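The file query.txt contains compact mmCIF, C-alpha atoms:
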```txt
# COMPACT_ATOMS: atom_id res chain seq x y z
CA MET A 3 131.80 85.06 105.57
CA SER A 4 129.19 84.00 103.09
CA SER A 5 128.48 87.11 101.06
CA ALA A 6 125.42 85.45 99.53
CA LEU A 7 123.88 84.86 102.96
CA TYR A 8 124.88 88.36 104.09
CA ASN A 9 123.20 89.93 101.07
CA TYR A 10 120.09 87.84 101.47
CA THR A 11 119.75 88.60 105.18
CA LEU A 12 120.28 92.28 104.48
CA LYS A 13 117.46 92.31 101.93
CA LEU A 14 115.10 90.83 104.50
CA ALA A 15 116.29 93.29 107.12
CA ASP A 16 116.08 96.38 104.93
CA ASP A 17 112.50 95.63 103.91
CA LYS A 18 111.52 95.51 107.56
CA LEU A 19 113.58 98.47 108.70
CA VAL A 20 112.49 100.88 106.00
CA LEU A 21 108.82 99.95 106.25
CA ALA A 22 108.96 100.24 110.05
CA GLN A 23 110.44 103.72 109.75
CA ARG A 24 107.65 104.67 107.34
CA LEU A 25 104.93 103.34 109.63
CA SER A 26 106.35 104.96 112.71
CA ALA A 27 105.81 108.36 111.06
CA TRP A 28 102.11 107.80 111.79
CA THR A 29 102.79 107.97 115.54
CA GLY A 30 100.54 110.69 116.88
CA HIS A 31 98.99 111.25 113.44
CA GLY A 32 96.76 108.18 113.08
CA PRO A 33 93.17 108.75 111.96
CA PHE A 34 92.17 108.09 115.54
CA LEU A 35 93.67 106.80 118.74
CA GLU A 36 92.97 103.10 118.21
CA GLU A 37 94.52 103.02 114.75
CA ASP A 38 97.43 105.12 115.87
CA LEU A 39 98.26 102.44 118.40
CA ALA A 40 97.60 99.56 116.03
CA LEU A 41 99.90 100.90 113.36
CA THR A 42 102.71 101.85 115.71
CA ASN A 43 102.46 98.40 117.31
CA ILE A 44 103.02 96.96 113.86
CA ALA A 45 105.96 99.31 113.30
CA LEU A 46 107.51 98.08 116.54
CA ASP A 47 107.12 94.46 115.47
CA LEU A 48 108.88 95.25 112.21
CA PHE A 49 111.70 97.08 113.98
CA GLY A 50 112.14 94.04 116.21
CA THR A 51 112.51 91.69 113.26
CA ALA A 52 114.80 94.16 111.48
CA LYS A 53 117.02 94.33 114.55
CA SER A 54 117.38 90.55 114.77
CA LEU A 55 118.12 90.29 111.05
CA LEU A 56 120.66 93.12 111.09
CA GLU A 57 122.35 91.60 114.12
CA TYR A 58 122.65 88.36 112.19
CA ALA A 59 123.88 90.12 109.04
CA ALA A 60 126.57 91.87 111.07
CA LYS A 61 127.61 88.55 112.56
CA ILE A 62 127.81 86.89 109.14
CA GLU A 63 129.87 89.81 107.85
CA GLY A 64 132.29 89.35 110.73
CA LYS A 65 133.88 92.78 110.55
CA GLY A 66 132.90 93.87 114.03
CA ARG A 67 129.99 96.02 112.86
CA THR A 68 126.78 96.04 114.89
CA GLU A 69 123.13 96.21 113.87
CA ASP A 70 123.23 99.95 114.60
CA ASP A 71 126.17 100.42 112.24
CA LEU A 72 124.23 98.69 109.50
CA ALA A 73 121.07 100.67 110.16
CA PHE A 74 122.57 104.10 110.61
CA PHE A 75 125.85 104.18 108.71
CA ARG A 76 124.96 102.74 105.34
CA ASN A 77 124.03 105.05 102.50
CA GLU A 78 121.06 104.94 100.17
CA ARG A 79 122.80 102.85 97.51
CA GLN A 80 123.72 100.25 100.12
CA PHE A 81 120.11 99.62 101.09
CA THR A 82 118.49 96.76 99.22
CA ASN A 83 114.87 96.99 100.32
CA CYS A 84 112.00 96.70 97.85
CA LEU A 85 110.88 100.08 96.51
CA ILE A 86 107.36 99.59 97.87
CA CYS A 87 108.68 99.74 101.46
CA GLU A 88 110.06 103.25 101.00
CA GLN A 89 107.03 104.76 99.23
CA ASP A 90 105.52 107.69 101.09
CA ASN A 91 102.66 107.06 103.49
CA GLY A 92 100.15 109.09 101.47
CA ASP A 93 96.68 108.83 102.96
CA TYR A 94 95.55 105.97 105.16
CA ALA A 95 94.34 103.95 102.18
CA LYS A 96 97.81 104.04 100.66
CA THR A 97 99.52 103.10 103.90
CA ILE A 98 97.07 100.23 104.38
CA LEU A 99 97.31 98.91 100.83
CA ARG A 100 101.11 99.02 100.93
CA GLN A 101 100.87 97.08 104.18
CA ALA A 102 98.43 94.52 102.74
CA PHE A 103 100.80 93.83 99.84
CA THR A 104 103.85 93.45 102.06
CA ASP A 105 102.00 91.49 104.76
CA SER A 106 100.83 88.91 102.24
CA PHE A 107 104.33 88.61 100.85
CA ASP A 108 105.91 88.35 104.31
CA TYR A 109 103.34 85.82 105.44
CA LEU A 110 104.31 83.46 102.62
CA LEU A 111 108.01 84.22 102.91
CA TYR A 112 108.37 83.83 106.66
CA ASN A 113 106.28 80.66 106.77
CA GLN A 114 108.79 79.13 104.37
CA LEU A 115 111.78 80.73 106.04
CA ALA A 116 110.78 79.18 109.36
CA LYS A 117 111.76 75.84 107.77
CA SER A 118 115.23 77.07 106.78
CA LYS A 119 118.24 74.93 107.59
CA ASP A 120 119.85 78.08 108.91
CA GLU A 121 118.80 77.98 112.54
CA THR A 122 119.05 81.72 113.11
CA LEU A 123 116.92 82.64 110.10
CA ALA A 124 114.44 79.89 111.00
CA GLY A 125 114.23 81.18 114.56
CA ILE A 126 113.71 84.80 113.55
CA ALA A 127 111.04 83.73 111.06
CA ALA A 128 109.22 81.54 113.55
CA LYS A 129 108.93 84.46 115.94
CA ALA A 130 107.91 86.92 113.23
CA ILE A 131 105.23 84.74 111.70
CA LYS A 132 102.83 85.19 114.61
CA GLU A 133 103.19 88.94 114.32
CA ILE A 134 102.80 88.92 110.56
CA THR A 135 99.65 86.82 110.83
CA TYR A 136 98.13 89.59 112.89
CA HIS A 137 99.45 92.39 110.66
CA LYS A 138 97.84 90.74 107.68
CA ARG A 139 94.54 90.38 109.45
CA HIS A 140 94.64 94.08 110.28
CA SER A 141 95.63 95.39 106.84
CA HIS A 142 93.39 93.05 104.86
CA SER A 143 90.33 93.87 106.92
CA TRP A 144 90.99 97.58 106.32
CA VAL A 145 91.31 97.05 102.56
CA ASN A 146 87.91 95.38 102.66
CA ARG A 147 86.49 98.16 104.77
CA PHE A 148 87.73 100.87 102.42
CA GLY A 149 86.69 98.96 99.32
CA ASN A 150 83.17 98.41 100.61
CA GLY A 151 82.83 101.74 102.38
CA THR A 152 81.93 105.20 101.09
CA ASP A 153 82.51 106.67 97.63
CA GLU A 154 85.47 108.55 99.04
CA SER A 155 87.08 105.52 100.68
CA LYS A 156 86.64 103.53 97.45
CA MET A 157 88.22 106.32 95.43
CA ARG A 158 91.16 106.61 97.81
CA LEU A 159 91.77 102.88 97.77
CA GLN A 160 91.71 102.82 93.97
CA ASN A 161 94.12 105.79 93.85
CA ALA A 162 96.45 103.91 96.20
CA MET A 163 96.22 100.88 93.94
CA ASN A 164 97.09 102.96 90.89
CA GLU A 165 100.19 104.27 92.64
CA LEU A 166 101.40 101.08 94.30
CA TRP A 167 100.66 98.19 91.99
CA ARG A 168 103.74 98.86 89.85
CA PHE A 169 105.97 98.20 92.85
CA THR A 170 104.66 94.71 93.53
CA GLY A 171 106.62 92.90 90.82
CA GLU A 172 109.84 93.51 92.68
CA PHE A 173 108.90 91.22 95.57
CA PHE A 174 109.65 88.21 93.42
CA GLU A 175 113.01 89.20 92.01
CA THR A 176 115.74 86.75 92.79
CA THR A 177 119.45 86.36 92.12
CA ASP A 178 121.67 83.39 91.27
CA ASP A 179 123.11 83.60 94.77
CA ASP A 180 119.64 83.47 96.31
CA LYS A 181 118.73 80.48 94.17
CA GLU A 182 121.89 78.70 95.26
CA LEU A 183 121.06 79.39 98.92
CA SER A 184 117.56 78.17 98.25
CA LYS A 185 118.89 74.91 96.82
CA GLN A 186 120.85 74.42 100.01
CA GLY A 187 117.60 74.82 101.98
CA ILE A 188 118.79 78.06 103.60
CA ALA A 189 116.96 80.83 101.75
CA VAL A 190 113.51 81.08 100.24
CA ASP A 191 113.62 81.82 96.53
CA PHE A 192 111.30 84.86 96.34
CA SER A 193 110.16 83.98 92.83
CA THR A 194 108.49 80.81 94.10
CA LEU A 195 106.05 82.88 96.17
CA LYS A 196 104.52 84.74 93.26
CA GLY A 197 101.65 82.38 92.45
CA ALA A 198 100.38 82.16 96.01
CA TRP A 199 100.75 85.91 96.55
CA GLU A 200 98.84 86.79 93.41
CA LYS A 201 96.08 84.37 94.26
CA GLU A 202 95.61 85.85 97.71
CA ILE A 203 95.91 89.48 96.66
CA LEU A 204 93.68 89.18 93.60
CA THR A 205 90.98 87.65 95.80
CA LEU A 206 91.35 90.49 98.28
CA LEU A 207 91.22 93.13 95.55
CA GLN A 208 88.16 91.54 94.03
CA THR A 209 86.36 91.52 97.37
CA ALA A 210 87.30 95.17 97.78
CA ASN A 211 86.18 96.04 94.23
CA VAL A 212 89.59 97.38 93.26
CA ALA A 213 90.57 97.44 89.59
CA ILE A 214 94.09 96.44 88.59
CA PRO A 215 95.87 99.03 86.43
CA LEU A 216 96.18 97.49 83.00
CA ASP A 217 99.25 99.31 81.75
CA ALA A 218 101.37 98.76 84.84
CA TYR A 219 105.07 98.62 84.18
CA MET A 220 106.71 96.85 87.07
CA GLN A 221 109.34 99.05 88.71
CA THR A 222 112.67 97.57 89.69
CA GLY A 223 115.94 98.66 91.26
CA GLY A 224 115.58 98.53 95.02
CA ARG A 225 117.25 95.15 95.39
CA LYS A 226 120.28 96.57 93.59
CA GLY A 227 120.37 99.74 95.66
CA ILE A 228 118.75 101.95 93.03
CA HIS A 229 115.91 103.68 94.79
CA THR A 230 113.07 106.10 94.27
CA GLU A 231 113.48 109.68 95.47
CA HIS A 232 111.79 108.80 98.77
CA LEU A 233 114.51 106.70 100.40
CA GLY A 234 117.11 109.45 100.73
CA PHE A 235 114.75 111.63 102.76
CA LEU A 236 113.68 108.69 104.90
CA LEU A 237 117.27 107.74 105.68
CA SER A 238 118.40 111.27 106.43
CA GLU A 239 115.65 111.56 109.03
CA MET A 240 116.32 108.10 110.43
CA GLN A 241 120.09 108.42 110.52
CA VAL A 242 120.68 112.04 111.49
CA LEU A 243 121.03 111.57 115.22
CA PRO A 244 123.59 108.74 115.30
CA ARG A 245 125.55 110.52 112.57
CA MET A 246 125.60 113.81 114.45
CA LEU A 247 126.37 112.14 117.77
CA PRO A 248 127.94 108.80 116.93
CA ASP A 249 128.62 107.94 120.56
CA ALA A 250 125.20 108.89 121.87
CA LYS A 251 123.68 106.33 124.21
CA TRP A 252 119.98 105.79 124.76
CA MET B 5 84.15 116.06 117.50
CA ALA B 6 81.01 114.79 115.81
CA ASP B 7 82.15 111.30 115.57
CA SER B 8 83.64 109.68 112.53
CA GLN B 9 85.35 107.07 114.66
CA GLY B 10 82.44 104.65 114.79
CA PRO B 11 80.40 103.50 117.78
CA MET B 12 81.77 102.70 121.22
CA TRP B 13 82.51 99.15 122.28
CA GLU B 14 83.18 97.77 125.75
CA VAL B 15 86.12 95.44 126.22
CA PHE B 16 86.38 92.48 128.58
CA VAL B 17 89.59 90.58 129.11
CA GLN B 18 90.00 87.10 130.51
CA LYS B 19 93.34 86.65 132.18
CA LYS B 20 93.36 82.89 131.77
CA ALA B 21 90.95 80.10 130.96
CA GLY B 22 88.32 79.57 133.63
CA GLN B 23 88.56 83.04 135.12
CA PRO B 24 85.85 85.65 134.60
CA PHE B 25 86.02 88.21 131.81
CA VAL B 26 86.73 91.55 133.45
CA HIS B 27 85.73 94.89 132.00
CA CYS B 28 88.83 96.91 131.26
CA GLY B 29 87.72 99.85 129.15
CA ASN B 30 86.24 100.85 125.83
CA LEU B 31 87.19 101.86 122.31
CA HIS B 32 85.88 103.03 118.95
CA ALA B 33 85.37 100.71 115.99
CA TYR B 34 83.21 100.44 112.90
CA ASP B 35 82.56 96.72 113.05
CA LYS B 36 83.09 93.57 115.11
CA GLU B 37 86.40 92.56 113.55
CA MET B 38 87.85 96.02 114.00
CA ALA B 39 86.60 96.15 117.58
CA LEU B 40 88.34 92.88 118.34
CA GLN B 41 91.58 93.99 116.70
CA ASN B 42 91.56 97.33 118.48
CA ALA B 43 90.87 95.59 121.77
CA ARG B 44 93.87 93.38 121.18
CA ASP B 45 96.07 96.38 120.44
CA LEU B 46 94.80 98.59 123.25
CA TYR B 47 94.25 96.18 126.10
CA THR B 48 96.41 93.06 125.69
CA ARG B 49 99.77 94.50 124.69
CA ARG B 50 101.42 93.59 127.95
CA GLY B 51 100.20 90.05 128.35
CA GLU B 52 97.01 91.03 130.16
CA GLY B 53 94.94 88.20 128.83
CA MET B 54 94.27 85.11 126.79
CA ALA B 55 90.76 85.88 125.56
CA LEU B 56 88.67 88.93 124.69
CA TRP B 57 85.03 89.91 124.52
CA VAL B 58 83.87 93.07 122.83
CA VAL B 59 80.31 94.26 122.87
CA GLN B 60 78.86 97.41 121.43
CA SER B 61 78.19 99.78 124.31
CA SER B 62 74.64 100.48 123.13
CA ASN B 63 73.85 96.78 123.63
CA ILE B 64 74.57 96.99 127.31
CA VAL B 65 71.56 97.59 129.52
CA SER B 66 72.59 99.66 132.47
CA SER B 67 70.98 100.65 135.72
CA SER B 68 70.78 104.37 136.28
CA PRO B 69 71.76 106.46 139.30
CA GLU B 70 68.07 106.92 140.15
CA ASP B 71 67.81 103.17 140.62
CA ILE B 72 70.23 103.12 143.52
CA GLY B 73 67.54 103.44 146.17
CA SER B 74 65.13 100.82 144.92
CA PHE B 75 67.75 98.46 143.52
CA PHE B 76 70.49 98.31 146.07
CA GLU B 77 69.57 99.80 149.41
CA PRO B 78 67.04 97.13 150.46
CA SER B 79 69.90 94.65 150.75
CA ASN B 80 71.83 96.83 153.20
CA ASP B 81 69.86 95.68 156.26
CA LYS B 82 69.77 92.01 155.31
CA ILE B 83 73.04 91.00 156.77
CA PHE B 84 71.94 87.38 156.96
CA ARG B 85 72.61 87.22 153.21
CA HIS B 86 76.28 87.64 153.86
CA PRO B 87 78.08 84.41 154.65
CA THR B 88 79.68 85.87 157.75
CA PHE B 89 77.94 83.44 160.12
CA TYR B 90 79.78 80.43 158.79
CA GLN B 91 83.21 79.09 159.47
CA ILE B 92 84.79 78.62 156.07
CA PRO B 93 86.90 75.48 156.03
CA ASP B 94 90.52 76.07 155.07
CA GLY B 95 90.19 73.73 152.12
CA VAL B 96 87.68 75.98 150.37
CA GLY B 97 90.25 78.57 149.41
CA HIS B 98 89.09 81.58 147.44
CA MET B 99 85.40 82.36 147.78
```
Step by step, read the file and then write its structure as C-alpha cells.
Amino acid sequence: MSSALYNYTLKLADDKLVLAQRLSAWTGHGPFLEEDLALTNIALDLFGTAKSLLEYAAKIEGKGRTEDDLAFFRNERQFTNCLICEQDNGDYAKTILRQAFTDSFDYLLYNQLAKSKDETLAGIAAKAIKEITYHKRHSHSWVNRFGNGTDESKMRLQNAMNELWRFTGEFFETTDDDKELSKQGIAVDFSTLKGAWEKEILTLLQTANVAIPLDAYMQTGGRKGIHTEHLGFLLSEMQVLPRMLPDAKW
Amino acid sequence: MADSQGPMWEVFVQKKAGQPFVHCGNLHAYDKEMALQNARDLYTRRGEGMALWVVQSSNIVSSSPEDIGSFFEPSNDKIFRHPTFYQIPDGVGHM
C-alpha cells in the first residue's frame, strides 16, 4: 500500500464527508422548501464523492476495511478534513459562505485532479466536477444576493466572513508526501491552487461588499487530525448508529 | 405566511431538443438566476429534461373561468375543425 496516496485520498474524502454531514443537518430546516431541496441535493452529491473516495482509500489500504468502516469507525483524531468543513452551520449566510469557499477550492482542485495519472482519482474527479460547477453557481449567487440585499443580510454575511475567513488558509497546506505524489502526476499540490482561489474569492467578496478581516490568524490543525470542538459532536451524531448496531443493514 | 420567499415562477421543462416545453409546476425565487437554479433542483432531479424555462407567474396572462362560455364553447359544434374526416397516411406518424 502507498501510505502517501492513502493519506491524500483520505483528506479529499474527509472534506467531502464532514461537509456533507453538516449540510444534511439542514434537511427539513431550510429557509424555505426550494432551498431545503437545493442544499440537501448538494449534500447528497458530496456524500457520493466521499463514498467513492473512501472506497478507494480502503482499497489502497488493503486491510479489508470498507468505506463504511472508514466513515463510521475512525475517531476524531483520525479525520483529516479541513477545519472549515466541520464548522457549525450557523445561519444561512454562514452555511452559504462556507460553501462558497469550499466550492471554489473544490472547483480548482477537481479540475486538476481530473487530469491525474491515477485513473480512479481522475475518474472520481471527472464525475464530481459537473456537480461542483453547479454547487459553486448556487453558493456564489447566494453570496451576491446576501451582499447586495438588505441591511440584515449584509450584516449576517459580514459576520459569517469574520468567523470563517481564518479557516481558509488551511486549504492550501501541503505535505512532502503530497508534493512527491504531485511530482508523479498523481495528486494535486493544494498550495498551487492558492493564487487562483484568492483571485476568484476576492472578486466575489468585492462584488458582495464584504470586508476581509485584517487581523486574521489562519487556523491550522485539521489536516493533522487536530480539530475544533465541533467535529467530535458531528462524528458522534454521524457514527452512533453503526457503533451501537455494527451489523445493522439498511 | 406573508411571504418572504419571493414571487412565484412557473417552470417549463423540455424533455429533449425539438420537443415542446411542458409546464410542470411552480416555485418561489427572488430573481431569474435563483428561479432557474431552483427549477433545476425541484424539477429535473430525475432526468426529466434537457432544458428549462422559468417565467414569473405574474407575467403570464391567463383566461378566467368566466371566459369559458365565450372563449371555448363556440368551437364545440364546429366538428369540421377536427381532422376526423381525413384518412391519415401511416407515414405521418404522430399528429
Give one line per residue of chain A that approaches chain B to at most 10 Å, naming the two atoms of the closest pair and their distance in Å to one decimal, counting all atoms listed in the file; sort by chain then ascending residue number and deliver it as CSV.
```
residue,atom,partner,partner_atom,distance
A:Pro33,CA,B:Gln9,CA,8.4
A:Phe34,CA,B:Gln9,CA,7.0
A:Leu35,CA,B:His32,CA,8.7
A:Glu36,CA,B:Asn42,CA,5.9
A:Glu37,CA,B:Asn42,CA,7.4
A:Asp38,CA,B:Asp45,CA,10.0
A:Leu39,CA,B:Asp45,CA,6.8
A:Ala40,CA,B:Asp45,CA,5.6
A:Leu41,CA,B:Asp45,CA,9.2
A:Thr42,CA,B:Asp45,CA,9.8
A:Asn43,CA,B:Asp45,CA,7.4
A:Ile44,CA,B:Asp45,CA,9.6
A:Tyr136,CA,B:Gln41,CA,8.8
A:Arg139,CA,B:Gln41,CA,8.6
A:His140,CA,B:Gln41,CA,7.1
A:Ser143,CA,B:Met38,CA,7.8
A:Trp144,CA,B:Met38,CA,8.4
A:Arg147,CA,B:Tyr34,CA,9.1
```
Give me the box for range 95-108 of chain A as AutoDock Vina command-line options, namely the centre and edge lengths in Å to one decimal of a box along x, y and z that holds every listed atom plus 3 Å on each side.
```
--center_x 100.1 --center_y 96.2 --center_z 102.3 --size_x 17.6 --size_y 21.7 --size_z 10.9
```
All residues 8 Å or closer to Ala22 in chain A, all atoms listed in the file, same chain fewer than 3 positions away omitted, as number ranges by chain
A: 18-19, 25-26, 44-46, 48-49
Expressed in Å to a single decimal, how great is the separation between CA of His142 in chain A and CA of Phe174 in chain A?
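Separation of CA of His142 in chain A and CA of Phe174 in chain A: 20.5 Å.
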Could you give me, as an mmCIF file with C-alpha atoms, keeping the file's coordinate frame, the residues that have an atom at most 12 Å away from the point (105.8, 101.5, 89.5) in the coordinates of the file, using all atoms listed in the file?
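File produced: result10.cif:
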```cif
data_model
loop_
_atom_site.group_PDB
_atom_site.id
_atom_site.type_symbol
_atom_site.label_atom_id
_atom_site.label_comp_id
_atom_site.auth_asym_id
_atom_site.auth_seq_id
_atom_site.Cartn_x
_atom_site.Cartn_y
_atom_site.Cartn_z
ATOM 1 C CA CYS A 84 112.000 96.700 97.850
ATOM 2 C CA LEU A 85 110.880 100.080 96.510
ATOM 3 C CA ILE A 86 107.360 99.590 97.870
ATOM 4 C CA GLN A 89 107.030 104.760 99.230
ATOM 5 C CA ALA A 162 96.450 103.910 96.200
ATOM 6 C CA MET A 163 96.220 100.880 93.940
ATOM 7 C CA ASN A 164 97.090 102.960 90.890
ATOM 8 C CA GLU A 165 100.190 104.270 92.640
ATOM 9 C CA LEU A 166 101.400 101.080 94.300
ATOM 10 C CA TRP A 167 100.660 98.190 91.990
ATOM 11 C CA ARG A 168 103.740 98.860 89.850
ATOM 12 C CA PHE A 169 105.970 98.200 92.850
ATOM 13 C CA THR A 170 104.660 94.710 93.530
ATOM 14 C CA GLY A 171 106.620 92.900 90.820
ATOM 15 C CA GLU A 172 109.840 93.510 92.680
ATOM 16 C CA PRO A 215 95.870 99.030 86.430
ATOM 17 C CA ASP A 217 99.250 99.310 81.750
ATOM 18 C CA ALA A 218 101.370 98.760 84.840
ATOM 19 C CA TYR A 219 105.070 98.620 84.180
ATOM 20 C CA MET A 220 106.710 96.850 87.070
ATOM 21 C CA GLN A 221 109.340 99.050 88.710
ATOM 22 C CA THR A 222 112.670 97.570 89.690
ATOM 23 C CA GLY A 223 115.940 98.660 91.260
ATOM 24 C CA GLY A 224 115.580 98.530 95.020
ATOM 25 C CA HIS A 229 115.910 103.680 94.790
ATOM 26 C CA THR A 230 113.070 106.100 94.270
#
```
Find the distance between CA of Gln241 in chain A and CA of Arg76 in chain A and write it in Å to one decimal.
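Going from CA of Gln241 in chain A over to CA of Arg76 in chain A covers 9.1 Å.
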So how many Å separate CA of Leu236 in chain A and CA of Leu21 in chain A, to one decimal?
10.1 Å
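Contact shell of Lys185 in chain A at 12 Å (all atoms listed in the file; same-chain neighbours under 6 positions omitted): Ser118, Lys119, Asp178, Asp179 and Asp191 of chain A.
Every protein or nucleic acid residue with an atom no more than 6 Å from range 56-66 of chain A, counting all atoms listed in the file and leaving out same-chain residues fewer than 4 positions away, appears here: Met3, Tyr8, Thr11, Ala15 and Ala52 of chain A.
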Need the shell around Arg225 in chain A: protein/DNA/RNA residues with any atom at most 8 Å away, counting only C-alpha atoms. Skip same-chain ones fewer than 4 positions apart. Format as a list of chain:residue names?
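Counting only the stated atoms, we get A:Lys13, A:Phe81, A:Thr82, A:Asn83, A:Cys84.
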Measuring between all atoms listed in the file, which one of B:Pro87, B:Asn30, B:Lys36, B:Gly53 shows the shortest distance to Gln18 in chain B?
B:Gly53
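A cut-off of 10 Å from the point (97.3, 107.5, 101.0), with all atoms listed in the file, picks out the residues A:Asp90, A:Asn91, A:Gly92, A:Asp93, A:Tyr94, A:Ala95, A:Lys96, A:Thr97, A:Ile98, A:Leu99, A:Arg100, A:Arg158, A:Leu159, A:Asn161, A:Ala162, A:Met163, A:Glu165.
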Please output range 87-99 of chain A, rebuilt to include N, CA and C atoms, as an mmCIF file, keeping the file's coordinate frame.
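The resulting result14.cif:
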```cif
data_model
loop_
_atom_site.group_PDB
_atom_site.id
_atom_site.type_symbol
_atom_site.label_atom_id
_atom_site.label_comp_id
_atom_site.auth_asym_id
_atom_site.auth_seq_id
_atom_site.Cartn_x
_atom_site.Cartn_y
_atom_site.Cartn_z
ATOM 1 N N CYS A 87 108.518 99.458 100.025
ATOM 2 C CA CYS A 87 108.680 99.740 101.460
ATOM 3 C C CYS A 87 109.000 101.208 101.728
ATOM 4 N N GLU A 88 109.641 101.862 100.751
ATOM 5 C CA GLU A 88 110.060 103.250 101.000
ATOM 6 C C GLU A 88 109.042 104.263 100.475
ATOM 7 N N GLN A 89 107.991 103.799 99.776
ATOM 8 C CA GLN A 89 107.030 104.760 99.230
ATOM 9 C C GLN A 89 106.383 105.560 100.349
ATOM 10 N N ASP A 90 106.045 106.813 100.051
ATOM 11 C CA ASP A 90 105.520 107.690 101.090
ATOM 12 C C ASP A 90 104.182 107.152 101.622
ATOM 13 N N ASN A 91 103.856 107.568 102.839
ATOM 14 C CA ASN A 91 102.660 107.060 103.490
ATOM 15 C C ASN A 91 101.373 107.456 102.771
ATOM 16 N N GLY A 92 101.369 108.627 102.129
ATOM 17 C CA GLY A 92 100.150 109.090 101.470
ATOM 18 C C GLY A 92 99.007 109.202 102.461
ATOM 19 N N ASP A 93 97.799 108.841 102.013
ATOM 20 C CA ASP A 93 96.680 108.830 102.960
ATOM 21 C C ASP A 93 96.590 107.432 103.588
ATOM 22 N N TYR A 94 95.585 107.242 104.436
ATOM 23 C CA TYR A 94 95.550 105.970 105.160
ATOM 24 C C TYR A 94 95.311 104.789 104.222
ATOM 25 N N ALA A 95 94.594 105.029 103.143
ATOM 26 C CA ALA A 95 94.340 103.950 102.180
ATOM 27 C C ALA A 95 95.649 103.472 101.566
ATOM 28 N N LYS A 96 96.533 104.414 101.264
ATOM 29 C CA LYS A 96 97.810 104.040 100.660
ATOM 30 C C LYS A 96 98.688 103.281 101.651
ATOM 31 N N THR A 97 98.752 103.798 102.861
ATOM 32 C CA THR A 97 99.520 103.100 103.900
ATOM 33 C C THR A 97 98.996 101.680 104.099
ATOM 34 N N ILE A 98 97.687 101.542 104.137
ATOM 35 C CA ILE A 98 97.070 100.230 104.380
ATOM 36 C C ILE A 98 97.293 99.292 103.193
ATOM 37 N N LEU A 99 97.148 99.799 101.982
ATOM 38 C CA LEU A 99 97.310 98.910 100.830
ATOM 39 C C LEU A 99 98.763 98.454 100.704
#
```
